[in-house]
$ cat input-v5.cif   # mmCIF, C-alpha atoms and all ligand atoms
data_structure
#
loop_
_atom_site.group_PDB
_atom_site.id
_atom_site.type_symbol
_atom_site.label_atom_id
_atom_site.label_comp_id
_atom_site.auth_asym_id
_atom_site.auth_seq_id
_atom_site.Cartn_x
_atom_site.Cartn_y
_atom_site.Cartn_z
ATOM 1 C CA MET P 1 -24.566 17.942 1.470
ATOM 2 C CA ASP P 2 -24.228 19.549 -1.993
ATOM 3 C CA ALA P 3 -20.948 19.059 -3.833
ATOM 4 C CA GLY P 4 -18.841 22.215 -3.597
ATOM 5 C CA THR P 5 -17.257 24.026 -6.493
ATOM 6 C CA GLN P 6 -14.107 22.459 -7.941
ATOM 7 C CA GLU P 7 -12.123 25.115 -6.095
ATOM 8 C CA GLU P 8 -13.727 24.169 -2.775
ATOM 9 C CA LEU P 9 -13.116 20.463 -3.402
ATOM 10 C CA ASP P 10 -9.461 21.159 -4.292
ATOM 11 C CA GLN P 11 -9.073 23.212 -1.129
ATOM 12 C CA LEU P 12 -10.341 20.312 1.034
ATOM 13 C CA ILE P 13 -7.858 17.984 -0.696
ATOM 14 C CA ASP P 14 -5.015 20.505 -0.234
ATOM 15 C CA THR P 15 -5.769 20.766 3.494
ATOM 16 C CA VAL P 16 -5.304 16.998 3.855
ATOM 17 C CA TYR P 17 -2.135 17.116 1.704
ATOM 18 C CA ASP P 18 -0.638 19.863 3.911
ATOM 19 C CA ALA P 19 -1.543 18.054 7.140
ATOM 20 C CA ILE P 20 0.357 14.948 5.961
ATOM 21 C CA LEU P 21 3.378 17.009 4.917
ATOM 22 C CA ASP P 22 3.369 18.702 8.341
ATOM 23 C CA GLY P 23 2.796 15.361 10.113
ATOM 24 C CA ARG P 24 -0.314 16.662 11.933
ATOM 25 C CA HIS P 25 -1.650 13.183 12.703
ATOM 26 C CA LYS P 26 -4.127 14.225 15.396
ATOM 27 C CA GLU P 27 -5.955 16.534 12.991
ATOM 28 C CA MET P 28 -6.087 14.012 10.162
ATOM 29 C CA PRO P 29 -9.262 12.059 11.070
ATOM 30 C CA ALA P 30 -11.287 15.282 11.267
ATOM 31 C CA LEU P 31 -9.770 16.690 8.073
ATOM 32 C CA VAL P 32 -10.459 13.511 6.096
ATOM 33 C CA ALA P 33 -14.005 13.308 7.490
ATOM 34 C CA ASN P 34 -14.529 16.963 6.611
ATOM 35 C CA ALA P 35 -13.330 16.407 3.027
ATOM 36 C CA LEU P 36 -15.625 13.402 2.603
ATOM 37 C CA GLU P 37 -18.550 15.346 4.058
ATOM 38 C CA GLY P 38 -17.721 18.110 1.580
ATOM 39 C CA CYS P 39 -18.304 15.526 -1.187
ATOM 40 C CA VAL P 40 -14.654 15.010 -2.161
ATOM 41 C CA ASP P 41 -14.411 11.691 -3.988
ATOM 42 C CA ALA P 42 -12.610 9.101 -1.801
ATOM 43 C CA ALA P 43 -10.310 8.036 -4.650
ATOM 44 C CA ASP P 44 -9.368 11.662 -5.432
ATOM 45 C CA LEU P 45 -8.655 12.301 -1.759
ATOM 46 C CA LEU P 46 -6.475 9.184 -1.573
ATOM 47 C CA ASN P 47 -4.549 9.805 -4.798
ATOM 48 C CA ASP P 48 -4.283 13.602 -4.993
ATOM 49 C CA GLY P 49 -4.287 14.413 -1.274
ATOM 50 C CA MET P 50 -2.690 11.502 0.530
ATOM 51 C CA ILE P 51 -0.489 9.465 -1.849
ATOM 52 C CA ASP P 52 0.807 12.634 -3.533
ATOM 53 C CA ALA P 53 1.735 14.040 -0.113
ATOM 54 C CA MET P 54 3.731 10.878 0.714
ATOM 55 C CA ARG P 55 5.461 11.198 -2.675
ATOM 56 C CA GLU P 56 6.410 14.783 -1.817
ATOM 57 C CA VAL P 57 7.750 13.663 1.589
ATOM 58 C CA GLY P 58 9.943 11.150 -0.275
ATOM 59 C CA ARG P 59 11.135 13.896 -2.635
ATOM 60 C CA GLN P 60 11.999 16.177 0.299
ATOM 61 C CA PHE P 61 13.806 13.316 2.065
ATOM 62 C CA GLU P 62 15.891 12.673 -1.052
ATOM 63 C CA ALA P 63 16.691 16.397 -1.286
ATOM 64 C CA LYS P 64 17.656 16.378 2.414
ATOM 65 C CA ALA P 65 14.894 18.904 3.079
ATOM 66 C CA CYS P 66 13.400 16.534 5.659
ATOM 67 C CA PHE P 67 14.706 13.586 7.664
ATOM 68 C CA VAL P 68 13.535 10.267 9.152
ATOM 69 C CA PRO P 69 11.572 11.808 12.098
ATOM 70 C CA GLU P 70 9.554 13.988 9.697
ATOM 71 C CA MET P 71 9.016 10.992 7.410
ATOM 72 C CA MET P 72 7.705 9.027 10.409
ATOM 73 C CA GLN P 73 5.338 11.846 11.402
ATOM 74 C CA ALA P 74 4.002 12.002 7.842
ATOM 75 C CA ALA P 75 3.482 8.229 7.828
ATOM 76 C CA ARG P 76 1.613 8.493 11.140
ATOM 77 C CA ALA P 77 -0.635 11.207 9.701
ATOM 78 C CA MET P 78 -1.259 9.111 6.565
ATOM 79 C CA LYS P 79 -2.221 6.116 8.688
ATOM 80 C CA SER P 80 -4.639 8.041 10.918
ATOM 81 C CA GLY P 81 -6.300 9.481 7.813
ATOM 82 C CA LEU P 82 -6.619 6.036 6.247
ATOM 83 C CA VAL P 83 -8.583 4.802 9.272
ATOM 84 C CA VAL P 84 -11.366 7.248 8.350
ATOM 85 C CA LEU P 85 -11.076 6.620 4.600
ATOM 86 C CA ARG P 86 -11.063 2.828 4.945
ATOM 87 C CA PRO P 87 -14.867 2.254 5.090
ATOM 88 C CA ARG P 88 -15.245 4.286 1.884
ATOM 89 C CA LEU P 89 -12.646 2.149 0.119
ATOM 90 C CA LEU P 90 -14.311 -1.081 1.182
ATOM 91 C CA GLY P 91 -17.108 -1.981 -1.187
ATOM 92 C CA SER P 92 -20.138 -4.094 -0.423
ATOM 93 C CA ALA P 93 -18.839 -7.261 -2.080
ATOM 94 C CA VAL P 94 -20.164 -10.235 -0.124
ATOM 95 C CA ARG P 95 -18.905 -13.338 -1.898
ATOM 96 C CA SER P 96 -15.214 -14.091 -1.393
ATOM 97 C CA GLN P 97 -13.194 -13.612 -4.565
ATOM 98 C CA GLY P 98 -10.275 -15.522 -3.089
ATOM 99 C CA ARG P 99 -7.814 -15.420 -0.213
ATOM 100 C CA VAL P 100 -4.613 -13.362 -0.383
ATOM 101 C CA ALA P 101 -1.637 -13.379 2.018
ATOM 102 C CA LEU P 102 0.234 -10.062 1.925
ATOM 103 C CA GLY P 103 3.500 -9.026 3.521
ATOM 104 C CA THR P 104 6.430 -6.651 3.234
ATOM 105 C CA VAL P 105 9.668 -8.553 2.715
ATOM 106 C CA LYS P 106 12.465 -9.184 5.225
ATOM 107 C CA GLY P 107 14.371 -6.059 6.268
ATOM 108 C CA ASP P 108 11.639 -3.696 5.043
ATOM 109 C CA MET P 109 9.361 -1.819 7.465
ATOM 110 C CA HIS P 110 7.289 0.147 4.928
ATOM 111 C CA ASP P 111 3.654 -0.923 5.202
ATOM 112 C CA ILE P 112 1.448 1.918 3.997
ATOM 113 C CA GLY P 113 1.429 0.721 0.368
ATOM 114 C CA LYS P 114 0.914 -2.906 1.412
ATOM 115 C CA ASN P 115 -1.968 -1.863 3.668
ATOM 116 C CA LEU P 116 -3.564 0.084 0.824
ATOM 117 C CA VAL P 117 -3.291 -2.938 -1.463
ATOM 118 C CA ALA P 118 -4.940 -4.987 1.310
ATOM 119 C CA MET P 119 -7.760 -2.457 1.668
ATOM 120 C CA MET P 120 -8.462 -2.327 -2.073
ATOM 121 C CA LEU P 121 -8.439 -6.116 -2.366
ATOM 122 C CA GLU P 122 -10.735 -6.373 0.632
ATOM 123 C CA GLY P 123 -13.028 -3.802 -0.961
ATOM 124 C CA ALA P 124 -13.177 -5.990 -4.072
ATOM 125 C CA GLY P 125 -14.215 -9.018 -1.995
ATOM 126 C CA PHE P 126 -10.901 -10.775 -1.301
ATOM 127 C CA GLU P 127 -10.080 -12.172 2.132
ATOM 128 C CA ILE P 128 -6.738 -10.924 3.455
ATOM 129 C CA VAL P 129 -4.148 -12.670 5.595
ATOM 130 C CA ASP P 130 -1.892 -9.806 6.683
ATOM 131 C CA LEU P 131 1.604 -11.106 7.354
ATOM 132 C CA GLY P 132 2.863 -7.662 8.406
ATOM 133 C CA VAL P 133 6.314 -6.233 7.726
ATOM 134 C CA ASP P 134 9.847 -7.695 7.853
ATOM 135 C CA VAL P 135 8.377 -11.035 6.781
ATOM 136 C CA SER P 136 10.831 -13.925 6.469
ATOM 137 C CA THR P 137 11.003 -16.219 3.456
ATOM 138 C CA GLU P 138 9.890 -19.089 5.721
ATOM 139 C CA ARG P 139 6.771 -17.170 6.783
ATOM 140 C CA PHE P 140 5.771 -16.494 3.163
ATOM 141 C CA VAL P 141 6.187 -20.191 2.348
ATOM 142 C CA ALA P 142 4.230 -21.235 5.456
ATOM 143 C CA ALA P 143 1.409 -18.880 4.438
ATOM 144 C CA ALA P 144 1.291 -20.484 0.976
ATOM 145 C CA GLU P 145 1.293 -24.003 2.382
ATOM 146 C CA GLU P 146 -0.855 -23.660 5.502
ATOM 147 C CA GLU P 147 -3.252 -20.715 5.195
ATOM 148 C CA GLY P 148 -5.385 -21.881 2.276
ATOM 149 C CA VAL P 149 -4.516 -18.841 0.192
ATOM 150 C CA ASP P 150 -4.882 -18.441 -3.578
ATOM 151 C CA ILE P 151 -2.319 -15.652 -3.874
ATOM 152 C CA VAL P 152 0.784 -14.609 -1.954
ATOM 153 C CA GLY P 153 1.656 -10.916 -2.415
ATOM 154 C CA LEU P 154 5.051 -9.468 -1.566
ATOM 155 C CA SER P 155 5.780 -5.760 -1.165
ATOM 156 C CA ALA P 156 9.193 -4.030 -1.099
ATOM 157 C CA LEU P 157 9.935 -0.304 -0.891
ATOM 158 C CA ILE P 158 13.706 -0.096 -0.750
ATOM 159 C CA THR P 159 16.140 -1.311 -3.361
ATOM 160 C CA THR P 160 18.218 -3.061 -0.678
ATOM 161 C CA THR P 161 15.316 -5.417 0.099
ATOM 162 C CA LEU P 162 14.839 -6.578 -3.508
ATOM 163 C CA PRO P 163 17.193 -9.558 -2.881
ATOM 164 C CA ALA P 164 14.920 -10.585 0.029
ATOM 165 C CA MET P 165 11.954 -10.440 -2.361
ATOM 166 C CA GLN P 166 13.853 -12.581 -4.855
ATOM 167 C CA ALA P 167 14.779 -15.119 -2.145
ATOM 168 C CA ALA P 168 11.172 -15.376 -0.974
ATOM 169 C CA VAL P 169 9.803 -15.824 -4.515
ATOM 170 C CA THR P 170 12.469 -18.454 -5.285
ATOM 171 C CA ALA P 171 11.473 -20.378 -2.150
ATOM 172 C CA LEU P 172 7.770 -20.027 -2.989
ATOM 173 C CA ASN P 173 8.458 -21.360 -6.498
ATOM 174 C CA ALA P 174 10.077 -24.434 -4.961
ATOM 175 C CA SER P 175 7.300 -24.983 -2.408
ATOM 176 C CA ALA P 176 4.739 -27.781 -2.515
ATOM 177 C CA ALA P 177 1.928 -25.200 -2.695
ATOM 178 C CA ARG P 178 3.164 -23.475 -5.848
ATOM 179 C CA SER P 179 0.886 -25.308 -8.301
ATOM 180 C CA ARG P 180 -2.220 -23.880 -6.593
ATOM 181 C CA VAL P 181 -0.889 -20.491 -5.376
ATOM 182 C CA LYS P 182 -0.120 -17.433 -7.520
ATOM 183 C CA VAL P 183 2.717 -15.101 -6.524
ATOM 184 C CA VAL P 184 2.488 -11.334 -7.112
ATOM 185 C CA VAL P 185 4.939 -8.568 -6.290
ATOM 186 C CA GLY P 186 4.824 -4.788 -6.022
ATOM 187 C CA GLY P 187 6.320 -1.676 -4.470
ATOM 188 C CA ALA P 188 8.146 1.384 -5.781
ATOM 189 C CA PRO P 189 11.501 -0.229 -6.765
ATOM 190 C CA VAL P 190 9.839 -3.307 -8.303
ATOM 191 C CA SER P 191 9.272 -3.478 -12.076
ATOM 192 C CA VAL P 192 7.561 -5.861 -14.436
ATOM 193 C CA GLY P 193 11.011 -6.939 -15.678
ATOM 194 C CA PHE P 194 12.192 -7.738 -12.155
ATOM 195 C CA ALA P 195 8.973 -9.652 -11.436
ATOM 196 C CA THR P 196 9.479 -11.794 -14.541
ATOM 197 C CA GLN P 197 13.179 -12.284 -13.797
ATOM 198 C CA ILE P 198 12.526 -13.647 -10.296
ATOM 199 C CA GLY P 199 9.664 -15.897 -11.456
ATOM 200 C CA ALA P 200 6.608 -14.132 -10.004
ATOM 201 C CA ASP P 201 3.250 -14.506 -11.780
ATOM 202 C CA GLY P 202 2.660 -10.785 -11.903
ATOM 203 C CA PHE P 203 3.541 -7.236 -10.897
ATOM 204 C CA ALA P 204 1.165 -4.396 -10.043
ATOM 205 C CA PRO P 205 2.351 -0.777 -9.872
ATOM 206 C CA ASP P 206 -0.438 0.383 -7.542
ATOM 207 C CA ALA P 207 -3.300 -0.822 -5.386
ATOM 208 C CA SER P 208 -6.059 -0.715 -7.992
ATOM 209 C CA SER P 209 -3.894 -2.555 -10.528
ATOM 210 C CA ALA P 210 -3.225 -5.149 -7.813
ATOM 211 C CA VAL P 211 -6.976 -5.836 -7.661
ATOM 212 C CA ALA P 212 -7.226 -6.206 -11.458
ATOM 213 C CA LEU P 213 -4.158 -8.473 -11.458
ATOM 214 C CA ALA P 214 -5.529 -10.697 -8.679
ATOM 215 C CA GLN P 215 -8.866 -10.997 -10.467
ATOM 216 C CA SER P 216 -7.264 -11.899 -13.789
ATOM 217 C CA LEU P 217 -4.855 -14.430 -12.259
ATOM 218 C CA LEU P 218 -7.683 -16.233 -10.461
ATOM 219 C CA ALA P 219 -9.942 -16.152 -13.512
ATOM 220 C CA LYS P 220 -7.360 -18.133 -15.521
HETATM 221 CO CO1 LIG Q 1 11.309 5.218 3.754
HETATM 222 N N1 LIG Q 1 12.206 5.215 2.043
HETATM 223 N N2 LIG Q 1 12.959 4.616 4.617
HETATM 224 N N3 LIG Q 1 10.326 5.386 5.415
HETATM 225 N N4 LIG Q 1 9.979 6.090 2.760
HETATM 226 C C1 LIG Q 1 11.394 5.501 0.859
HETATM 227 C C2 LIG Q 1 10.822 4.215 0.278
HETATM 228 C C3 LIG Q 1 12.436 6.222 -0.106
HETATM 229 C C4 LIG Q 1 12.104 6.069 -1.605
HETATM 230 C C5 LIG Q 1 12.573 7.711 0.299
HETATM 231 C C6 LIG Q 1 13.542 8.446 -0.597
HETATM 232 O O1 LIG Q 1 14.743 8.337 -0.422
HETATM 233 N N5 LIG Q 1 13.035 9.190 -1.554
HETATM 234 C C7 LIG Q 1 13.767 5.509 0.329
HETATM 235 C C8 LIG Q 1 14.143 4.259 -0.458
HETATM 236 C C9 LIG Q 1 15.225 4.554 -1.473
HETATM 237 C C10 LIG Q 1 15.588 3.357 -2.255
HETATM 238 O O2 LIG Q 1 15.728 2.288 -1.796
HETATM 239 N N6 LIG Q 1 15.751 3.579 -3.532
HETATM 240 C C11 LIG Q 1 13.483 5.231 1.800
HETATM 241 C C12 LIG Q 1 14.506 5.001 2.759
HETATM 242 C C13 LIG Q 1 15.939 5.172 2.255
HETATM 243 C C14 LIG Q 1 14.224 4.654 4.085
HETATM 244 C C15 LIG Q 1 15.232 4.341 5.209
HETATM 245 C C16 LIG Q 1 16.447 3.501 4.793
HETATM 246 C C17 LIG Q 1 15.645 5.719 5.794
HETATM 247 C C18 LIG Q 1 16.701 5.661 6.892
HETATM 248 O O3 LIG Q 1 16.492 5.102 7.925
HETATM 249 N N7 LIG Q 1 17.809 6.298 6.596
HETATM 250 C C19 LIG Q 1 14.345 3.605 6.241
HETATM 251 C C20 LIG Q 1 14.279 2.098 5.979
HETATM 252 C C21 LIG Q 1 13.534 1.355 7.079
HETATM 253 C C22 LIG Q 1 13.296 -0.091 6.667
HETATM 254 O O4 LIG Q 1 12.303 -0.373 6.044
HETATM 255 N N8 LIG Q 1 14.218 -0.961 7.008
HETATM 256 C C23 LIG Q 1 13.020 4.234 5.943
HETATM 257 C C24 LIG Q 1 12.017 4.410 6.880
HETATM 258 C C25 LIG Q 1 10.781 4.995 6.645
HETATM 259 C C26 LIG Q 1 9.753 5.313 7.732
HETATM 260 C C27 LIG Q 1 9.673 4.247 8.829
HETATM 261 C C28 LIG Q 1 10.131 6.642 8.366
HETATM 262 C C29 LIG Q 1 8.453 5.511 6.867
HETATM 263 C C30 LIG Q 1 7.609 4.216 6.697
HETATM 264 C C31 LIG Q 1 6.403 4.160 7.594
HETATM 265 C C32 LIG Q 1 5.510 2.992 7.250
HETATM 266 O O5 LIG Q 1 5.390 2.537 6.128
HETATM 267 N N9 LIG Q 1 4.866 2.500 8.294
HETATM 268 C C33 LIG Q 1 9.035 5.839 5.504
HETATM 269 C C34 LIG Q 1 8.289 6.486 4.465
HETATM 270 C C35 LIG Q 1 6.945 7.023 4.841
HETATM 271 C C36 LIG Q 1 8.781 6.599 3.141
HETATM 272 C C37 LIG Q 1 8.148 7.321 1.937
HETATM 273 C C38 LIG Q 1 8.326 8.830 2.176
HETATM 274 C C39 LIG Q 1 6.690 7.064 1.654
HETATM 275 C C40 LIG Q 1 6.312 5.582 1.489
HETATM 276 C C41 LIG Q 1 4.814 5.473 1.368
HETATM 277 O O6 LIG Q 1 4.142 5.147 2.330
HETATM 278 N N10 LIG Q 1 4.256 5.857 0.191
HETATM 279 C C42 LIG Q 1 9.022 6.752 0.733
HETATM 280 C C43 LIG Q 1 9.151 7.730 -0.413
HETATM 281 C C44 LIG Q 1 8.271 7.383 -1.594
HETATM 282 O O7 LIG Q 1 7.644 6.352 -1.641
HETATM 283 N N11 LIG Q 1 8.297 8.236 -2.575
HETATM 284 C C45 LIG Q 1 10.215 6.229 1.428
HETATM 285 C C46 LIG Q 1 2.819 5.901 -0.049
HETATM 286 C C47 LIG Q 1 2.326 4.512 -0.498
HETATM 287 C C48 LIG Q 1 0.836 4.573 -0.757
HETATM 288 O O8 LIG Q 1 2.995 4.185 -1.715
HETATM 289 O O9 LIG Q 1 4.394 2.433 -0.596
HETATM 290 O O10 LIG Q 1 4.798 3.075 -3.024
HETATM 291 P P1 LIG Q 1 3.866 2.868 -1.900
HETATM 292 O O11 LIG Q 1 2.778 1.771 -2.343
HETATM 293 C C49 LIG Q 1 2.102 1.824 -3.567
HETATM 294 C C50 LIG Q 1 2.801 1.069 -4.708
HETATM 295 O O12 LIG Q 1 4.207 0.964 -4.559
HETATM 296 C C51 LIG Q 1 2.093 -0.231 -4.779
HETATM 297 O O13 LIG Q 1 0.770 0.091 -4.378
HETATM 298 C C52 LIG Q 1 0.807 1.056 -3.329
HETATM 299 C C53 LIG Q 1 -0.444 1.888 -3.377
HETATM 300 O O14 LIG Q 1 -0.638 2.504 -4.619
HETATM 301 N N12 LIG Q 1 2.498 -1.379 -3.975
HETATM 302 C C54 LIG Q 1 2.134 -2.639 -4.339
HETATM 303 C C55 LIG Q 1 3.180 -1.462 -2.820
HETATM 304 N N13 LIG Q 1 3.275 -2.724 -2.419
HETATM 305 C C56 LIG Q 1 2.633 -3.490 -3.336
HETATM 306 C C57 LIG Q 1 2.409 -4.856 -3.400
HETATM 307 C C58 LIG Q 1 1.688 -5.369 -4.502
HETATM 308 C C59 LIG Q 1 1.228 -4.513 -5.498
HETATM 309 C C60 LIG Q 1 1.435 -3.145 -5.423
HETATM 310 O O15 LIG Q 1 1.426 -6.664 -4.680
HETATM 311 C C61 LIG Q 1 1.723 -7.566 -3.645
#
$ encode --input "input-v5.cif" --output "structure tokens"
Amino acid sequence: MDAGTQEELDQLIDTVYDAILDGRHKEMPALVANALEGCVDAADLLNDGMIDAMREVGRQFEAKACFVPEMMQAARAMKSGLVVLRPRLLGSAVRSQGRVALGTVKGDMHDIGKNLVAMMLEGAGFEIVDLGVDVSTERFVAAAEEEGVDIVGLSALITTTLPAMQAAVTALNASAARSRVKVVVGGAPVSVGFATQIGADGFAPDASSAVALAQSLLAK
């Protein structure tokens, strides 16, 4: 299909954005497929349509213009859209670049960002061990020691779970596997300063930077 005009492409992106804001999860697969068929770039759709919509949901939640049920509906819509977008985000890399265990820290249930980081890493040829959400310090350490990973990645989305991230990184730093495993952290309340303070090897602000960080850490 021919690429549409910029206006048509923007309209396809806006439709996906609105569907996430309204939490219309059943419509999402068709809307994402339609946008891709209309030649919208997958990265533009992800960043301008989907991630921006989640940001707006967060803004509305903060302003008390929406509440937890609406936030859950939006997350559900985001996830059903990502199922369709996923194959486009996965590249054709065949040789493994390394093995990465990823999890959201104890007490934190947010997994959309972590899943996106996993998808981007996978697309760049990394193997992923998905530890899920609400991951205990012990589970992170076990992954480092027993799963043959090169990197352990920790995600946190709420400020109240930053101490859990710190505890997990401290335990990883004391683990027998530390000399061969890199530790990276990310998530909205995490900063480069916090990452350094808790003794992580690196911080990435978003999924594509996480790929660049993983590649540079393993190249060293
Ligand atoms: Co929650 N929530 N939430 N929530 N939620 C936030 C995070 C919040 C900022 C909303 C707000 O107030 N504006 C706020 C935290 C405030 C704070 O701590 N400062 C908040 C709150 C308060 C809560 C609850 C406490 C609400 C309540 O119950 N009263 C509760 C906590 C539950 C818990 O975890 N214990 C809660 C619950 C939920 C839902 C379950 C309803 C749902 C999550 C569904 C799910 O994930 N399965 C939800 C959602 C959807 C959000 C917002 C709206 C969107 C999060 C998201 O998916 N963003 C969020 C507002 C916001 O982020 N502006 C909010 C899109 C995603 C692609 O971005 O996750 O940032 P993000 O990931 C990025 C980067 O951060 C980075 O790369 C990703 C891709 O670019 N990254 C990494 C992430 N992890 C990384 C790891 C890396 C590297 C990079 O290396 C390892």
$ closest_residue --input "input-v5.cif" --among "P:Ala212, P:Val135, P:Met71, P:Ala168" --to "ligand LIG 1 (chain Q)" --atoms "all atoms listed in the file"
P:Met71
$ resolve_selection --input "input-v5.cif" --expression "the PyMOL selection byres (((chain P and resi 30) around 12) and not hetatm)" --output "PyMOL selection string"
chain P and resi 12+15-16+19+24-29+31-38+77+80-85
$ axis_aligned_box --input "input-v5.cif" --around "ligand LIG 1 (chain Q)" --padding-each-side "6 Å" --output "lines of an AutoDock Vina configuration file"
center_x = 8.6
center_y = 0.8
center_z = 1.7
size_x = 30.4
size_y = 28.8
size_z = 26.3
$ residues_near_ligand --input "input-v5.cif" --ligand "ligand LIG 1 (chain Q)" --cutoff "7 Å" --atoms "all atoms listed in the file" --output "NGL selection string"
:P and (51 or 54-59 or 61-62 or 68-69 or 71-72 or 74-75 or 102 or 107-114 or 116-117 or 153-160 or 184-189 or 203-207 or 210)
$ residues_around --input "input-v5.cif" --residues "segment 119-133 of chain P" --least-positions-apart "6" --cutoff "9 Å" --atoms "all atoms listed in the file" --output "PDB file with C-alpha atoms, keeping the file's coordinate frame"
ATOM      1  CA  ARG P  86     -11.063   2.828   4.945  1.00  0.00           C
ATOM      2  CA  PRO P  87     -14.867   2.254   5.090  1.00  0.00           C
ATOM      3  CA  ARG P  88     -15.245   4.286   1.884  1.00  0.00           C
ATOM      4  CA  LEU P  89     -12.646   2.149   0.119  1.00  0.00           C
ATOM      5  CA  LEU P  90     -14.311  -1.081   1.182  1.00  0.00           C
ATOM      6  CA  GLY P  91     -17.108  -1.981  -1.187  1.00  0.00           C
ATOM      7  CA  SER P  92     -20.138  -4.094  -0.423  1.00  0.00           C
ATOM      8  CA  ALA P  93     -18.839  -7.261  -2.080  1.00  0.00           C
ATOM      9  CA  VAL P  94     -20.164 -10.235  -0.124  1.00  0.00           C
ATOM     10  CA  ARG P  95     -18.905 -13.338  -1.898  1.00  0.00           C
ATOM     11  CA  SER P  96     -15.214 -14.091  -1.393  1.00  0.00           C
ATOM     12  CA  GLN P  97     -13.194 -13.612  -4.565  1.00  0.00           C
ATOM     13  CA  GLY P  98     -10.275 -15.522  -3.089  1.00  0.00           C
ATOM     14  CA  ARG P  99      -7.814 -15.420  -0.213  1.00  0.00           C
ATOM     15  CA  VAL P 100      -4.613 -13.362  -0.383  1.00  0.00           C
ATOM     16  CA  ALA P 101      -1.637 -13.379   2.018  1.00  0.00           C
ATOM     17  CA  LEU P 102       0.234 -10.062   1.925  1.00  0.00           C
ATOM     18  CA  GLY P 103       3.500  -9.026   3.521  1.00  0.00           C
ATOM     19  CA  THR P 104       6.430  -6.651   3.234  1.00  0.00           C
ATOM     20  CA  VAL P 105       9.668  -8.553   2.715  1.00  0.00           C
ATOM     21  CA  LYS P 106      12.465  -9.184   5.225  1.00  0.00           C
ATOM     22  CA  GLY P 107      14.371  -6.059   6.268  1.00  0.00           C
ATOM     23  CA  ASP P 108      11.639  -3.696   5.043  1.00  0.00           C
ATOM     24  CA  MET P 109       9.361  -1.819   7.465  1.00  0.00           C
ATOM     25  CA  HIS P 110       7.289   0.147   4.928  1.00  0.00           C
ATOM     26  CA  ASP P 111       3.654  -0.923   5.202  1.00  0.00           C
ATOM     27  CA  ARG P 139       6.771 -17.170   6.783  1.00  0.00           C
ATOM     28  CA  PHE P 140       5.771 -16.494   3.163  1.00  0.00           C
ATOM     29  CA  ALA P 143       1.409 -18.880   4.438  1.00  0.00           C
ATOM     30  CA  GLU P 147      -3.252 -20.715   5.195  1.00  0.00           C
ATOM     31  CA  VAL P 149      -4.516 -18.841   0.192  1.00  0.00           C
ATOM     32  CA  SER P 155       5.780  -5.760  -1.165  1.00  0.00           C
ATOM     33  CA  ALA P 207      -3.300  -0.822  -5.386  1.00  0.00           C
ATOM     34  CA  SER P 208      -6.059  -0.715  -7.992  1.00  0.00           C
ATOM     35  CA  ALA P 210      -3.225  -5.149  -7.813  1.00  0.00           C
ATOM     36  CA  VAL P 211      -6.976  -5.836  -7.661  1.00  0.00           C
ATOM     37  CA  ALA P 214      -5.529 -10.697  -8.679  1.00  0.00           C
TER      38      ALA P 214
END
$ atom_distance --input "input-v5.cif" --atom1 "atom CA of Val40 of chain P" --atom2 "atom CA of Asp22 of chain P"
21.2 Å
$ atom_distance --input "input-v5.cif" --atom1 "atom CA of Gln215 of chain P" --atom2 "atom CA of Ala200 of chain P"
15.8 Å
